[in-house]
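Trainee: If it helps, the file is called protein-v3.pdb and holds PDB, C-alpha atoms and all ligand atoms:
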ATOM      1  CA  MET J   1      18.584  -3.623   6.439  1.00  0.00           C
ATOM      2  CA  ARG J   2      15.001  -3.323   7.631  1.00  0.00           C
ATOM      3  CA  ALA J   3      12.931  -0.566   6.019  1.00  0.00           C
ATOM      4  CA  THR J   4      11.616   2.326   8.089  1.00  0.00           C
ATOM      5  CA  ALA J   5       8.551   4.530   7.745  1.00  0.00           C
ATOM      6  CA  GLU J   6      10.872   7.004   5.962  1.00  0.00           C
ATOM      7  CA  ASP J   7      11.203   4.477   3.123  1.00  0.00           C
ATOM      8  CA  CYS J   8       7.437   4.605   2.493  1.00  0.00           C
ATOM      9  CA  ARG J   9       7.166   7.077  -0.317  1.00  0.00           C
ATOM     10  CA  ILE J  10       4.898   8.436  -2.992  1.00  0.00           C
ATOM     11  CA  ILE J  11       5.747   7.353  -6.537  1.00  0.00           C
ATOM     12  CA  LYS J  12       4.473   9.731  -9.193  1.00  0.00           C
ATOM     13  CA  LEU J  13       3.185   7.755 -12.154  1.00  0.00           C
ATOM     14  CA  PRO J  14       2.944   9.100 -15.708  1.00  0.00           C
ATOM     15  CA  LYS J  15      -0.249  10.981 -16.497  1.00  0.00           C
ATOM     16  CA  ILE J  16      -1.318  11.566 -20.064  1.00  0.00           C
ATOM     17  CA  SER J  17      -3.782  14.430 -19.820  1.00  0.00           C
ATOM     18  CA  ASP J  18      -6.457  14.431 -22.471  1.00  0.00           C
ATOM     19  CA  PRO J  19      -9.756  16.283 -22.793  1.00  0.00           C
ATOM     20  CA  ARG J  20     -11.307  12.859 -23.514  1.00  0.00           C
ATOM     21  CA  GLY J  21     -10.123  11.594 -20.132  1.00  0.00           C
ATOM     22  CA  ASN J  22      -6.729  11.142 -18.510  1.00  0.00           C
ATOM     23  CA  LEU J  23      -4.592   8.022 -18.746  1.00  0.00           C
ATOM     24  CA  THR J  24      -1.992   6.627 -16.347  1.00  0.00           C
ATOM     25  CA  PHE J  25       0.142   3.561 -16.945  1.00  0.00           C
ATOM     26  CA  VAL J  26       2.488   1.448 -14.850  1.00  0.00           C
ATOM     27  CA  GLU J  27       5.359  -0.509 -16.371  1.00  0.00           C
ATOM     28  CA  GLY J  28       7.132  -3.299 -14.512  1.00  0.00           C
ATOM     29  CA  GLY J  29      10.841  -2.635 -14.074  1.00  0.00           C
ATOM     30  CA  ARG J  30      10.353   1.092 -14.636  1.00  0.00           C
ATOM     31  CA  HIS J  31       7.947   2.712 -12.209  1.00  0.00           C
ATOM     32  CA  ILE J  32       7.734   0.109  -9.456  1.00  0.00           C
ATOM     33  CA  PRO J  33      10.773  -0.910  -7.337  1.00  0.00           C
ATOM     34  CA  PHE J  34       9.948  -4.635  -7.531  1.00  0.00           C
ATOM     35  CA  ALA J  35       8.706  -7.202 -10.029  1.00  0.00           C
ATOM     36  CA  ILE J  36       4.892  -7.310  -9.899  1.00  0.00           C
ATOM     37  CA  SER J  37       3.540 -10.791  -9.080  1.00  0.00           C
ATOM     38  CA  ARG J  38      -0.011  -9.914  -8.099  1.00  0.00           C
ATOM     39  CA  VAL J  39      -2.623  -7.200  -8.482  1.00  0.00           C
ATOM     40  CA  PHE J  40      -5.650  -6.891  -6.215  1.00  0.00           C
ATOM     41  CA  TYR J  41      -8.122  -4.154  -5.400  1.00  0.00           C
ATOM     42  CA  LEU J  42     -10.375  -3.059  -2.584  1.00  0.00           C
ATOM     43  CA  TYR J  43     -13.757  -1.662  -3.581  1.00  0.00           C
ATOM     44  CA  ASP J  44     -17.289  -1.219  -2.213  1.00  0.00           C
ATOM     45  CA  VAL J  45     -15.691  -0.193   1.084  1.00  0.00           C
ATOM     46  CA  PRO J  46     -18.528   0.911   3.374  1.00  0.00           C
ATOM     47  CA  GLY J  47     -18.301   4.344   5.032  1.00  0.00           C
ATOM     48  CA  GLY J  48     -16.302   4.257   8.266  1.00  0.00           C
ATOM     49  CA  ALA J  49     -14.650   0.900   7.494  1.00  0.00           C
ATOM     50  CA  ASP J  50     -10.969   0.261   8.229  1.00  0.00           C
ATOM     51  CA  ARG J  51      -8.771  -2.109   6.239  1.00  0.00           C
ATOM     52  CA  GLY J  52      -5.215  -3.281   6.595  1.00  0.00           C
ATOM     53  CA  GLY J  53      -4.092  -3.879  10.169  1.00  0.00           C
ATOM     54  CA  HIS J  54      -1.149  -6.044   9.222  1.00  0.00           C
ATOM     55  CA  ALA J  55       2.498  -6.120   8.164  1.00  0.00           C
ATOM     56  CA  LEU J  56       4.081  -8.418   5.602  1.00  0.00           C
ATOM     57  CA  ARG J  57       7.335 -10.310   6.112  1.00  0.00           C
ATOM     58  CA  SER J  58       8.487 -10.271   2.482  1.00  0.00           C
ATOM     59  CA  CYS J  59       5.831  -8.727   0.279  1.00  0.00           C
ATOM     60  CA  GLN J  60       6.337  -5.169  -0.958  1.00  0.00           C
ATOM     61  CA  GLN J  61       3.377  -3.229  -2.268  1.00  0.00           C
ATOM     62  CA  VAL J  62       2.369  -0.089  -4.105  1.00  0.00           C
ATOM     63  CA  LEU J  63      -1.118   1.249  -3.264  1.00  0.00           C
ATOM     64  CA  ILE J  64      -2.966   3.494  -5.704  1.00  0.00           C
ATOM     65  CA  ALA J  65      -6.243   5.355  -5.148  1.00  0.00           C
ATOM     66  CA  ILE J  66      -7.562   4.496  -8.614  1.00  0.00           C
ATOM     67  CA  SER J  67     -10.807   6.216  -7.661  1.00  0.00           C
ATOM     68  CA  GLY J  68     -11.719   8.411  -4.697  1.00  0.00           C
ATOM     69  CA  SER J  69      -9.445   8.738  -1.699  1.00  0.00           C
ATOM     70  CA  PHE J  70      -8.324   7.073   1.531  1.00  0.00           C
ATOM     71  CA  ASP J  71      -5.584   7.354   4.155  1.00  0.00           C
ATOM     72  CA  VAL J  72      -2.766   4.916   4.832  1.00  0.00           C
ATOM     73  CA  ILE J  73      -1.007   4.942   8.204  1.00  0.00           C
ATOM     74  CA  ALA J  74       2.393   3.268   7.887  1.00  0.00           C
ATOM     75  CA  SER J  75       4.537   2.368  10.886  1.00  0.00           C
ATOM     76  CA  ASP J  76       7.912   0.711  11.431  1.00  0.00           C
ATOM     77  CA  ALA J  77       7.080   0.353  15.158  1.00  0.00           C
ATOM     78  CA  ASP J  78       9.102   3.475  15.997  1.00  0.00           C
ATOM     79  CA  GLN J  79       7.880   6.055  13.540  1.00  0.00           C
ATOM     80  CA  THR J  80       4.464   6.462  11.915  1.00  0.00           C
ATOM     81  CA  LYS J  81       3.532   8.349   8.756  1.00  0.00           C
ATOM     82  CA  ARG J  82       0.061   9.108   7.432  1.00  0.00           C
ATOM     83  CA  PHE J  83      -0.521   9.449   3.702  1.00  0.00           C
ATOM     84  CA  HIS J  84      -3.661  10.762   2.049  1.00  0.00           C
ATOM     85  CA  LEU J  85      -4.041   9.158  -1.379  1.00  0.00           C
ATOM     86  CA  ASN J  86      -6.428  11.015  -3.654  1.00  0.00           C
ATOM     87  CA  ARG J  87      -4.872  10.984  -7.137  1.00  0.00           C
ATOM     88  CA  SER J  88      -4.936   8.113  -9.662  1.00  0.00           C
ATOM     89  CA  TYR J  89      -1.342   8.932 -10.673  1.00  0.00           C
ATOM     90  CA  TYR J  90       0.207   8.628  -7.205  1.00  0.00           C
ATOM     91  CA  GLY J  91       1.315   5.281  -5.808  1.00  0.00           C
ATOM     92  CA  LEU J  92       2.388   4.711  -2.206  1.00  0.00           C
ATOM     93  CA  PHE J  93       5.344   2.337  -1.940  1.00  0.00           C
ATOM     94  CA  LEU J  94       5.257   0.210   1.218  1.00  0.00           C
ATOM     95  CA  PRO J  95       8.344  -1.945   1.818  1.00  0.00           C
ATOM     96  CA  SER J  96       8.078  -5.200   3.765  1.00  0.00           C
ATOM     97  CA  LEU J  97       7.841  -5.139   7.578  1.00  0.00           C
ATOM     98  CA  ILE J  98       5.743  -1.982   7.667  1.00  0.00           C
ATOM     99  CA  TRP J  99       2.549  -2.111   9.721  1.00  0.00           C
ATOM    100  CA  ARG J 100      -0.276  -0.459   7.767  1.00  0.00           C
ATOM    101  CA  GLU J 101      -3.796   0.655   8.547  1.00  0.00           C
ATOM    102  CA  MET J 102      -6.200   2.182   6.032  1.00  0.00           C
ATOM    103  CA  ASP J 103      -9.128   4.419   6.842  1.00  0.00           C
ATOM    104  CA  ASN J 104     -11.059   7.503   5.734  1.00  0.00           C
ATOM    105  CA  PHE J 105     -12.279   5.823   2.503  1.00  0.00           C
ATOM    106  CA  SER J 106     -14.387   8.151   0.404  1.00  0.00           C
ATOM    107  CA  SER J 107     -17.583   6.778  -1.057  1.00  0.00           C
ATOM    108  CA  GLY J 108     -16.913   4.762  -4.220  1.00  0.00           C
ATOM    109  CA  SER J 109     -13.151   4.685  -3.662  1.00  0.00           C
ATOM    110  CA  ILE J 110     -11.023   1.924  -5.130  1.00  0.00           C
ATOM    111  CA  CYS J 111      -7.576   0.944  -3.846  1.00  0.00           C
ATOM    112  CA  LEU J 112      -5.449  -0.877  -6.401  1.00  0.00           C
ATOM    113  CA  VAL J 113      -2.492  -2.800  -4.959  1.00  0.00           C
ATOM    114  CA  LEU J 114       0.559  -3.987  -6.900  1.00  0.00           C
ATOM    115  CA  ALA J 115       2.383  -6.670  -4.934  1.00  0.00           C
ATOM    116  CA  SER J 116       5.807  -8.293  -5.211  1.00  0.00           C
ATOM    117  CA  HIS J 117       4.557 -11.727  -4.127  1.00  0.00           C
ATOM    118  CA  VAL J 118       1.477 -13.858  -4.647  1.00  0.00           C
ATOM    119  CA  TYR J 119      -0.844 -14.170  -1.638  1.00  0.00           C
ATOM    120  CA  SER J 120       0.470 -16.190   1.271  1.00  0.00           C
ATOM    121  CA  GLU J 121      -1.152 -16.048   4.704  1.00  0.00           C
ATOM    122  CA  GLY J 122       2.197 -17.102   6.205  1.00  0.00           C
ATOM    123  CA  ASP J 123       3.680 -13.782   5.073  1.00  0.00           C
ATOM    124  CA  TYR J 124       1.291 -11.826   7.327  1.00  0.00           C
ATOM    125  CA  PHE J 125       1.706 -10.424  10.820  1.00  0.00           C
ATOM    126  CA  ARG J 126      -1.894  -9.794  11.814  1.00  0.00           C
ATOM    127  CA  ASP J 127      -1.119  -9.298  15.480  1.00  0.00           C
ATOM    128  CA  TYR J 128       0.654  -6.014  16.279  1.00  0.00           C
ATOM    129  CA  ASN J 129       2.428  -7.432  19.349  1.00  0.00           C
ATOM    130  CA  GLU J 130       3.765 -10.319  17.298  1.00  0.00           C
ATOM    131  CA  PHE J 131       5.044  -7.775  14.759  1.00  0.00           C
ATOM    132  CA  LEU J 132       6.675  -5.759  17.569  1.00  0.00           C
ATOM    133  CA  LEU J 133       8.343  -8.857  19.008  1.00  0.00           C
ATOM    134  CA  HIS J 134       9.740  -9.695  15.573  1.00  0.00           C
ATOM    135  CA  ILE J 135      11.039  -6.142  15.046  1.00  0.00           C
ATOM    136  CA  ARG J 136      12.574  -5.869  18.497  1.00  0.00           C
ATOM    137  CA  GLY J 137      14.298  -9.198  17.892  1.00  0.00           C
TER     138      GLY J 137
HETATM  139  P1  LIG J 201      -6.724  -8.920   4.100  1.00  0.00           P
HETATM  140  O1  LIG J 201      -5.300  -8.885   3.656  1.00  0.00           O
HETATM  141  O2  LIG J 201      -6.985  -9.254   5.536  1.00  0.00           O
HETATM  142  O3  LIG J 201      -7.443  -7.567   3.743  1.00  0.00           O
HETATM  143  P2  LIG J 201      -7.172  -6.105   4.327  1.00  0.00           P
HETATM  144  O4  LIG J 201      -5.844  -6.116   4.944  1.00  0.00           O
HETATM  145  O5  LIG J 201      -7.284  -5.209   3.167  1.00  0.00           O
HETATM  146  O6  LIG J 201      -8.235  -5.774   5.320  1.00  0.00           O
HETATM  147  O7  LIG J 201      -7.475  -9.964   3.171  1.00  0.00           O
HETATM  148  C1  LIG J 201      -8.860 -10.253   3.355  1.00  0.00           C
HETATM  149  C2  LIG J 201      -9.092 -11.700   2.937  1.00  0.00           C
HETATM  150  O8  LIG J 201      -8.805 -11.890   1.550  1.00  0.00           O
HETATM  151  C3  LIG J 201      -8.242 -12.689   3.707  1.00  0.00           C
HETATM  152  O9  LIG J 201      -9.059 -13.811   4.029  1.00  0.00           O
HETATM  153  C4  LIG J 201      -7.190 -13.104   2.726  1.00  0.00           C
HETATM  154  C5  LIG J 201      -7.857 -12.929   1.377  1.00  0.00           C
HETATM  155  N1  LIG J 201      -6.906 -12.535   0.328  1.00  0.00           N
HETATM  156  C6  LIG J 201      -6.603 -13.428  -0.683  1.00  0.00           C
HETATM  157  O10 LIG J 201      -7.080 -14.573  -0.716  1.00  0.00           O
HETATM  158  N2  LIG J 201      -5.738 -13.034  -1.681  1.00  0.00           N
HETATM  159  C7  LIG J 201      -5.174 -11.795  -1.685  1.00  0.00           C
HETATM  160  O11 LIG J 201      -4.392 -11.456  -2.614  1.00  0.00           O
HETATM  161  C8  LIG J 201      -5.488 -10.886  -0.613  1.00  0.00           C
HETATM  162  C9  LIG J 201      -4.887  -9.519  -0.566  1.00  0.00           C
HETATM  163  C10 LIG J 201      -6.363 -11.294   0.364  1.00  0.00           C
END
Can the structure in the file be given as structure tokens, please?
Mentor:
Amino acid sequence: MRATAEDCRIIKLPKISDPRGNLTFVEGGRHIPFAISRVFYLYDVPGGADRGGHALRSCQQVLIAISGSFDVIASDADQTKRFHLNRSYYGLFLPSLIWREMDNFSSGSICLVLASHVYSEGDYFRDYNEFLLHIRG
């Protein structure tokens, strides 16, 4: 069954607090609901810039604000949810077929993405109407 915006959820990752600096780790098969095939990150995002603006046919992702903060707007074409990510130990799980936009990046923020598939342009819907047509069948 197709995922909905309700399935987009925050995953709390382990945090080892330490006066020398905190540590968070992610283990495949334990914290993330898919096998991790790829890691990429967004950084040096200029103030006011938007990222995302696509949905993925198969790829599932977990987004983590490794540094700073940003917002993710996730939509299943019927319902939309906005998440504010501002902790290095929170991941946002986005199933496939969820349209996402990202904005409100703080200065120096870094978005780490864990992905279930390697990059494939064919997996992308970059046109919202095309995404809608697919969803509406
Ligand atoms: P894109 O997914 O459009 O970025 P965003 O949605 O964050 O705005 O990707 C930007 C460019 O980078 C695009 O030309 C595809 C390329 N790219 C890769 O080659 N490999 C990857 O793993 C990713 C995520 C993007």
Trainee: Pick out the residues no farther than 9 Å from ligand LIG 201 (chain J), counting all atoms listed in the file, and list them as an mmCIF file with C-alpha atoms, in the frame of the given file.
Mentor:
data_model
loop_
_atom_site.group_PDB
_atom_site.id
_atom_site.type_symbol
_atom_site.label_atom_id
_atom_site.label_comp_id
_atom_site.auth_asym_id
_atom_site.auth_seq_id
_atom_site.Cartn_x
_atom_site.Cartn_y
_atom_site.Cartn_z
ATOM 1 C CA ARG J 38 -0.011 -9.914 -8.099
ATOM 2 C CA VAL J 39 -2.623 -7.200 -8.482
ATOM 3 C CA PHE J 40 -5.650 -6.891 -6.215
ATOM 4 C CA TYR J 41 -8.122 -4.154 -5.400
ATOM 5 C CA LEU J 42 -10.375 -3.059 -2.584
ATOM 6 C CA ASP J 50 -10.969 0.261 8.229
ATOM 7 C CA ARG J 51 -8.771 -2.109 6.239
ATOM 8 C CA GLY J 52 -5.215 -3.281 6.595
ATOM 9 C CA GLY J 53 -4.092 -3.879 10.169
ATOM 10 C CA HIS J 54 -1.149 -6.044 9.222
ATOM 11 C CA ALA J 55 2.498 -6.120 8.164
ATOM 12 C CA ARG J 100 -0.276 -0.459 7.767
ATOM 13 C CA GLU J 101 -3.796 0.655 8.547
ATOM 14 C CA MET J 102 -6.200 2.182 6.032
ATOM 15 C CA VAL J 113 -2.492 -2.800 -4.959
ATOM 16 C CA ALA J 115 2.383 -6.670 -4.934
ATOM 17 C CA VAL J 118 1.477 -13.858 -4.647
ATOM 18 C CA TYR J 119 -0.844 -14.170 -1.638
ATOM 19 C CA SER J 120 0.470 -16.190 1.271
ATOM 20 C CA GLU J 121 -1.152 -16.048 4.704
ATOM 21 C CA TYR J 124 1.291 -11.826 7.327
ATOM 22 C CA ARG J 126 -1.894 -9.794 11.814
#
Trainee: In Å, rounded to a single decimal, give me how far CA of Ile98 in chain J is from CA of Phe34 in chain J.
Mentor: 16.0 Å
Trainee: What does the PyMOL selection byres (((chain J and resi 81) around 12) and not hetatm) select in this file, as a ChimeraX atom specification?
Mentor: /J:4-10,71-80,82-84,92,94,98-102
Trainee: Residues within 9 Å of Pro33 in chain J, please, as a ChimeraX atom specification. Count all atoms listed in the file; anything in the same chain fewer than 3 positions from it doesn't count.
Mentor: /J:28-30,60,93
Trainee: Find the residue from J:Ser58, J:Ser116, J:Asn86, J:Ser17 that sits nearest to Arg2 in chain J; use all atoms listed in the file when measuring.
Mentor: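 Answer, going by the shortest atom-to-atom distance: J:Ser58.
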Trainee: So the first atom is CA of Tyr90 in chain J and the second is CA of Asp127 in chain J; what is the distance between them in Å, to one decimal place?
Mentor: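 Distance reported for this atom pair: 28.9 Å.
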Trainee: Taking only C-alpha atoms into account, name the residue in J:Gly137, J:Ser107, J:Leu56, J:Gly68 that is nearest to Phe125 in chain J.
Mentor: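 Comparing J:Gly137, J:Ser107, J:Leu56, J:Gly68 against Phe125 in chain J, the winner is J:Leu56.
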Trainee: Have a look at CA of Phe70 in chain J and CA of Lys12 in chain J and let me know their distance in Å, one decimal.
Mentor: 16.9 Å
Trainee: Find, counting all atoms listed in the file, the residue in J:Asn104, J:Cys111, J:Gly21, J:Arg57 that gets nearest to His134 in chain J.
Mentor: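 Looking only at the distances to His134 in chain J, the closest residue turns out to be J:Arg57.
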Trainee: Box time for range 63-69 of chain J: axis-aligned, enclosing all its listed atoms, 3 Å extra on each side; report centre and edge lengths in Å to one decimal, as AutoDock Vina command-line options.
Mentor:
--center_x -6.4 --center_y 5.0 --center_z -5.2 --size_x 16.6 --size_y 13.5 --size_z 12.9
Trainee: Kindly indicate which residue among J:Phe105, J:Ile110, J:Gly91, J:Leu97 lies nearest to Glu130 in chain J, using all atoms listed in the file for the distances.
Mentor: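 Of J:Phe105, J:Ile110, J:Gly91, J:Leu97, the one nearest Glu130 in chain J is J:Leu97, counting all atoms listed in the file.
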